[in-house]
Amino acid sequence: MSTSPAFRRLLVVIKQTAFEEYSQLRARGQAPKALRWKRLESRYQTHQQCVNDLLDILKRNNLEFSCVNRVELDRQHLADVDLVIAIGGDGTVLSAAHFLDHGTIPLLGVNSDPMSEEHRIVKKKKTDERTSHGALCACTSVNMKGKLPRILHGGGILSTRSRIQCIVKSTFSETRLVPALNDLLIANPSPAAVSRFRMGWLQQVKEPQIQKLGSMTDPSYLPKSQYGTVTRFGGKLYDVDNSLNVWSSGLWVCTGTGSSAAMAAAGGMPMDITSENLQYLIREHMIENAANKDELKDQNNAIFKKGEKLHLRWNSQKGRIFIDGSHLYHNLELGDEILIDADAPPLALYTRDD
């Protein structure tokens with residue numbers, strides 16, 4: 001490990017706590033009445049102490065850095081930065097990762113409010129849902145003073161995590177969404193509404209030979225699939241194989257990193273966190289009256305390999321793609337097409353060494 005810092009300039013992304021958010025609402029007379037202010041303030045003070053300790057470590061190691069609140073983070077803050085530190089919890093790490101879409105800047109997460117061993121003993125429940133699990137964090141407020149300097153001087157474990165690429169093709173546009181580190185949820189904005197879509201797999205096909213001038217305006221020159229004209233993404237021509245019409249509560253897609261999060265709670269399969277593959281799971285698939293019920297059940301949940309491309313055609317009036325949680329989403333309309341694969345640039349993420 002080098003005695004000089006391994007990084008020139010750092011960006012510290014700081015979580016905005018619930019206490020800060022609700023305090024702003026209280027100033028406008030809009031805060032909920034049932035809030036437990038003492039608990040919120042205590043959590044805020046714990047988080048703020050960790051922030052102060054982190055900044056003190058950076059100063060003592062003579063590192064140049066700047067700070068930004070998580071909700072104010074913008075790409076302009078990443079200029080000349082060679083390490084991003086996200087301090088808060090897994091949500092802050094995920095938010096910061098969305099801006100690192102080229103995968104060239106490493107990310108280090110610090111869990112500012114982990115559950116202590118004392119709380120585990122005192123509380124009846126084994127876990128406290130109000131604290132972050134810190135699965136994406138390399139260190140915590142408890143062990144940061146010992147571990148962080150080693151990382152800043154070239155130590156630590158830097159892993160490569162696969163991410164989900166998602167492209168949405170609408171009538172007049174094609175939008176590439178930010179890479180998802182954990183998962184995507186594709187569903188109707190209302191949890192009580194049915195999500196209707198056609199799901200299949202894209203297979204690239206050769207461009208047709210144009211036989212005569214003007215035939216580009218004649219759609220008959222395009223090859224056909226069983227559902228009509230094949231589709232294009234990024235100018236490439238694809239056919240859709242093994243299509244399945246789905247009525248459900250939506251679709252989960254996760255990485256190996258995200259397989260232990262919402263996907264696990266939904267009944268998905270465990271995956272190695274370093275896997276390059278993805279997993280999908282259809283939520284509450286409505287197959288009761290289907291003649292091939294057993295066959296459809298087998299297609300509810302599966303792993304698909306890097307290189308395979310999942311295709312959806314959205315058949316509901318409204319839809320939404322939630323990216324790594326509820327904060328970031330993209331709205332869908334009837335007829336939108338979605339391509340999902342593992343071709344997004346991977347994320348360089350520091351992980352725990354214990």
# chains A, B, ... in the order shown; residues from 1 in each chain; ligands from 1
>>> residues_around(residues="Glu72 (chain A)", least_positions_apart="5", cutoff="10 Å", atoms="only C-alpha atoms", output="PyMOL selection string")
chain A and resi 13-14+16+77
>>> write_last_selection(atoms="N, CA and C atoms", output="PDB file, in the first residue's frame")
ATOM      1  N   VAL A  13     -20.794  12.355  -1.711  1.00  0.00           N
ATOM      2  CA  VAL A  13     -22.245  12.477  -1.882  1.00  0.00           C
ATOM      3  C   VAL A  13     -22.902  12.149  -0.548  1.00  0.00           C
ATOM      4  N   ILE A  14     -23.637  13.109   0.004  1.00  0.00           N
ATOM      5  CA  ILE A  14     -24.172  12.988   1.366  1.00  0.00           C
ATOM      6  C   ILE A  14     -25.691  12.803   1.337  1.00  0.00           C
ATOM      7  N   GLN A  16     -29.503  12.962   2.358  1.00  0.00           N
ATOM      8  CA  GLN A  16     -30.391  13.891   3.064  1.00  0.00           C
ATOM      9  C   GLN A  16     -31.308  13.056   3.946  1.00  0.00           C
ATOM     10  N   HIS A  77     -20.776  17.816 -11.184  1.00  0.00           N
ATOM     11  CA  HIS A  77     -19.992  17.608  -9.974  1.00  0.00           C
ATOM     12  C   HIS A  77     -18.893  16.559 -10.169  1.00  0.00           C
TER      13      HIS A  77
END
>>> select_by_dssp(residues="region 10-68 of chain A", states="helix (DSSP H, G or I)", output="ChimeraX atom specification")
/A:18-27,37-60
>>> closest_residue(among="A:Gly307, A:Pro345, A:Pro189, A:Pro208", to="Arg320 (chain A)", atoms="only C-alpha atoms")
A:Pro189
>>> closest_residue(among="A:Ala193, A:Leu328, A:Leu10, A:Leu339", to="Val71 (chain A)", atoms="only C-alpha atoms")
A:Leu328
>>> residues_around(residues="Gly325 (chain A)", least_positions_apart="4", cutoff="10 Å", atoms="only C-alpha atoms", output="PyMOL selection string")
chain A and resi 91+94-95+180+182-185+262+321+329
>>> residues_around(residues="region 138-141 of chain A", least_positions_apart="5", cutoff="7 Å", atoms="only C-alpha atoms", output="VMD selection string")
chain A and resid 50 108 to 114 147 350 to 352
>>> write_last_selection(atoms="all heavy atoms", output="PDB file, in the first residue's frame")
ATOM      1  N   CYS A  50     -21.017  10.924  11.551  1.00  0.00           N
ATOM      2  CA  CYS A  50     -20.251  10.122  10.606  1.00  0.00           C
ATOM      3  C   CYS A  50     -19.718  10.989   9.467  1.00  0.00           C
ATOM      4  O   CYS A  50     -18.573  10.819   9.034  1.00  0.00           O
ATOM      5  CB  CYS A  50     -21.124   8.993  10.052  1.00  0.00           C
ATOM      6  SG  CYS A  50     -20.266   7.899   8.903  1.00  0.00           S
ATOM      7  N   LEU A 108     -17.347   4.269  -3.578  1.00  0.00           N
ATOM      8  CA  LEU A 108     -17.139   3.735  -2.232  1.00  0.00           C
ATOM      9  C   LEU A 108     -18.312   4.153  -1.353  1.00  0.00           C
ATOM     10  O   LEU A 108     -18.593   5.336  -1.209  1.00  0.00           O
ATOM     11  CB  LEU A 108     -15.825   4.260  -1.651  1.00  0.00           C
ATOM     12  CG  LEU A 108     -15.570   4.088  -0.149  1.00  0.00           C
ATOM     13  CD1 LEU A 108     -15.496   2.613   0.200  1.00  0.00           C
ATOM     14  CD2 LEU A 108     -14.287   4.798   0.265  1.00  0.00           C
ATOM     15  N   GLY A 109     -19.004   3.176  -0.780  1.00  0.00           N
ATOM     16  CA  GLY A 109     -20.138   3.462   0.090  1.00  0.00           C
ATOM     17  C   GLY A 109     -19.764   3.379   1.562  1.00  0.00           C
ATOM     18  O   GLY A 109     -19.016   2.487   1.976  1.00  0.00           O
ATOM     19  N   VAL A 110     -20.295   4.329   2.359  1.00  0.00           N
ATOM     20  CA  VAL A 110     -20.105   4.335   3.808  1.00  0.00           C
ATOM     21  C   VAL A 110     -21.475   4.325   4.471  1.00  0.00           C
ATOM     22  O   VAL A 110     -22.293   5.234   4.232  1.00  0.00           O
ATOM     23  CB  VAL A 110     -19.312   5.576   4.271  1.00  0.00           C
ATOM     24  CG1 VAL A 110     -19.181   5.576   5.798  1.00  0.00           C
ATOM     25  CG2 VAL A 110     -17.940   5.630   3.618  1.00  0.00           C
ATOM     26  N   ASN A 111     -21.743   3.312   5.277  1.00  0.00           N
ATOM     27  CA  ASN A 111     -23.013   3.217   6.001  1.00  0.00           C
ATOM     28  C   ASN A 111     -22.919   4.083   7.255  1.00  0.00           C
ATOM     29  O   ASN A 111     -22.214   3.734   8.206  1.00  0.00           O
ATOM     30  CB  ASN A 111     -23.296   1.760   6.360  1.00  0.00           C
ATOM     31  CG  ASN A 111     -24.685   1.565   6.954  1.00  0.00           C
ATOM     32  OD1 ASN A 111     -25.399   2.524   7.209  1.00  0.00           O
ATOM     33  ND2 ASN A 111     -25.066   0.317   7.148  1.00  0.00           N
ATOM     34  N   SER A 112     -23.616   5.213   7.247  1.00  0.00           N
ATOM     35  CA  SER A 112     -23.480   6.181   8.338  1.00  0.00           C
ATOM     36  C   SER A 112     -24.289   5.831   9.575  1.00  0.00           C
ATOM     37  O   SER A 112     -24.066   6.403  10.640  1.00  0.00           O
ATOM     38  CB  SER A 112     -23.900   7.575   7.844  1.00  0.00           C
ATOM     39  OG  SER A 112     -25.266   7.574   7.474  1.00  0.00           O
ATOM     40  N   ASP A 113     -25.237   4.898   9.463  1.00  0.00           N
ATOM     41  CA  ASP A 113     -26.107   4.590  10.599  1.00  0.00           C
ATOM     42  C   ASP A 113     -26.401   3.098  10.653  1.00  0.00           C
ATOM     43  O   ASP A 113     -27.547   2.673  10.513  1.00  0.00           O
ATOM     44  CB  ASP A 113     -27.406   5.396  10.490  1.00  0.00           C
ATOM     45  CG  ASP A 113     -28.269   5.294  11.741  1.00  0.00           C
ATOM     46  OD1 ASP A 113     -27.760   4.834  12.785  1.00  0.00           O
ATOM     47  OD2 ASP A 113     -29.447   5.668  11.671  1.00  0.00           O
ATOM     48  N   PRO A 114     -25.365   2.275  10.841  1.00  0.00           N
ATOM     49  CA  PRO A 114     -25.594   0.821  10.895  1.00  0.00           C
ATOM     50  C   PRO A 114     -26.251   0.430  12.209  1.00  0.00           C
ATOM     51  O   PRO A 114     -26.191   1.173  13.190  1.00  0.00           O
ATOM     52  CB  PRO A 114     -24.179   0.240  10.800  1.00  0.00           C
ATOM     53  CG  PRO A 114     -23.321   1.285  11.443  1.00  0.00           C
ATOM     54  CD  PRO A 114     -23.954   2.617  11.069  1.00  0.00           C
ATOM     55  N   LYS A 147     -10.559   1.456   8.174  1.00  0.00           N
ATOM     56  CA  LYS A 147     -10.597   0.925   6.812  1.00  0.00           C
ATOM     57  C   LYS A 147     -10.433   1.992   5.728  1.00  0.00           C
ATOM     58  O   LYS A 147      -9.818   1.731   4.688  1.00  0.00           O
ATOM     59  CB  LYS A 147     -11.910   0.178   6.585  1.00  0.00           C
ATOM     60  CG  LYS A 147     -12.031  -1.097   7.396  1.00  0.00           C
ATOM     61  CD  LYS A 147     -13.228  -1.916   6.966  1.00  0.00           C
ATOM     62  CE  LYS A 147     -13.249  -3.260   7.687  1.00  0.00           C
ATOM     63  NZ  LYS A 147     -14.329  -4.136   7.206  1.00  0.00           N
ATOM     64  N   TYR A 350     -16.181  -0.513  -4.409  1.00  0.00           N
ATOM     65  CA  TYR A 350     -15.427  -1.037  -3.279  1.00  0.00           C
ATOM     66  C   TYR A 350     -16.366  -1.837  -2.388  1.00  0.00           C
ATOM     67  O   TYR A 350     -17.486  -1.411  -2.086  1.00  0.00           O
ATOM     68  CB  TYR A 350     -14.774   0.088  -2.485  1.00  0.00           C
ATOM     69  CG  TYR A 350     -13.498   0.599  -3.117  1.00  0.00           C
ATOM     70  CD1 TYR A 350     -13.498   1.741  -3.910  1.00  0.00           C
ATOM     71  CD2 TYR A 350     -12.293  -0.071  -2.928  1.00  0.00           C
ATOM     72  CE1 TYR A 350     -12.331   2.202  -4.499  1.00  0.00           C
ATOM     73  CE2 TYR A 350     -11.121   0.372  -3.511  1.00  0.00           C
ATOM     74  CZ  TYR A 350     -11.141   1.510  -4.301  1.00  0.00           C
ATOM     75  OH  TYR A 350      -9.980   1.954  -4.881  1.00  0.00           O
ATOM     76  N   THR A 351     -15.914  -3.011  -1.963  1.00  0.00           N
ATOM     77  CA  THR A 351     -16.745  -3.909  -1.156  1.00  0.00           C
ATOM     78  C   THR A 351     -16.068  -4.213   0.168  1.00  0.00           C
ATOM     79  O   THR A 351     -14.872  -3.956   0.359  1.00  0.00           O
ATOM     80  CB  THR A 351     -17.023  -5.222  -1.907  1.00  0.00           C
ATOM     81  OG1 THR A 351     -15.767  -5.829  -2.262  1.00  0.00           O
ATOM     82  CG2 THR A 351     -17.828  -4.962  -3.156  1.00  0.00           C
ATOM     83  N   ARG A 352     -16.836  -4.790   1.082  1.00  0.00           N
ATOM     84  CA  ARG A 352     -16.322  -5.130   2.407  1.00  0.00           C
ATOM     85  C   ARG A 352     -15.272  -6.223   2.314  1.00  0.00           C
ATOM     86  O   ARG A 352     -15.368  -7.134   1.480  1.00  0.00           O
ATOM     87  CB  ARG A 352     -17.467  -5.610   3.302  1.00  0.00           C
ATOM     88  CG  ARG A 352     -18.447  -4.512   3.655  1.00  0.00           C
ATOM     89  CD  ARG A 352     -19.546  -5.028   4.552  1.00  0.00           C
ATOM     90  NE  ARG A 352     -20.304  -6.115   3.935  1.00  0.00           N
ATOM     91  CZ  ARG A 352     -21.578  -6.353   4.199  1.00  0.00           C
ATOM     92  NH1 ARG A 352     -22.232  -5.624   5.052  1.00  0.00           N
ATOM     93  NH2 ARG A 352     -22.189  -7.345   3.617  1.00  0.00           N
TER      94      ARG A 352
END
>>> residues_around(residues="Ala18 (chain A)", least_positions_apart="3", cutoff="8 Å", atoms="only C-alpha atoms", output="PyMOL selection string")
chain A and resi 21-22+40+44
>>> residues_around(residues="region 153-160 of chain A", least_positions_apart="3", cutoff="6 Å", atoms="only C-alpha atoms", output="tab-separated table (two decimals) with N, CA, C and O atoms, in the first residue's frame")
chain	number	residue	atom	x	y	z
A	1	MET	N	0.84	-1.20	0.00
A	1	MET	CA	0.00	0.00	0.00
A	1	MET	C	0.87	1.25	0.00
A	1	MET	O	1.82	1.36	0.78
A	2	SER	N	0.55	2.19	-0.87
A	2	SER	CA	1.35	3.40	-1.02
A	2	SER	C	1.17	4.34	0.18
A	2	SER	O	0.12	4.36	0.84
A	5	PRO	N	-1.62	9.29	-1.22
A	5	PRO	CA	-3.00	8.98	-1.63
A	5	PRO	C	-3.07	8.47	-3.07
A	5	PRO	O	-2.32	8.90	-3.94
A	6	ALA	N	-3.98	7.52	-3.30
A	6	ALA	CA	-4.14	6.95	-4.64
A	6	ALA	C	-5.09	7.77	-5.50
A	6	ALA	O	-5.24	7.48	-6.69
A	150	ARG	N	-6.86	3.00	4.41
A	150	ARG	CA	-6.24	1.96	3.59
A	150	ARG	C	-6.74	2.04	2.15
A	150	ARG	O	-5.95	1.90	1.20
A	347	LEU	N	-19.97	-1.38	-12.99
A	347	LEU	CA	-19.59	-0.40	-11.98
A	347	LEU	C	-18.41	-0.90	-11.18
A	347	LEU	O	-18.37	-2.06	-10.76
A	348	ALA	N	-17.42	-0.03	-10.97
A	348	ALA	CA	-16.30	-0.34	-10.07
A	348	ALA	C	-16.72	0.05	-8.65
A	348	ALA	O	-16.86	1.24	-8.36
A	349	LEU	N	-16.94	-0.93	-7.79
A	349	LEU	CA	-17.48	-0.70	-6.45
A	349	LEU	C	-16.57	-1.32	-5.40
A	349	LEU	O	-16.23	-2.50	-5.46
A	350	TYR	N	-16.18	-0.51	-4.41
A	350	TYR	CA	-15.43	-1.04	-3.28
A	350	TYR	C	-16.37	-1.84	-2.39
A	350	TYR	O	-17.49	-1.41	-2.09
A	351	THR	N	-15.91	-3.01	-1.96
A	351	THR	CA	-16.74	-3.91	-1.16
A	351	THR	C	-16.07	-4.21	0.17
A	351	THR	O	-14.87	-3.96	0.36
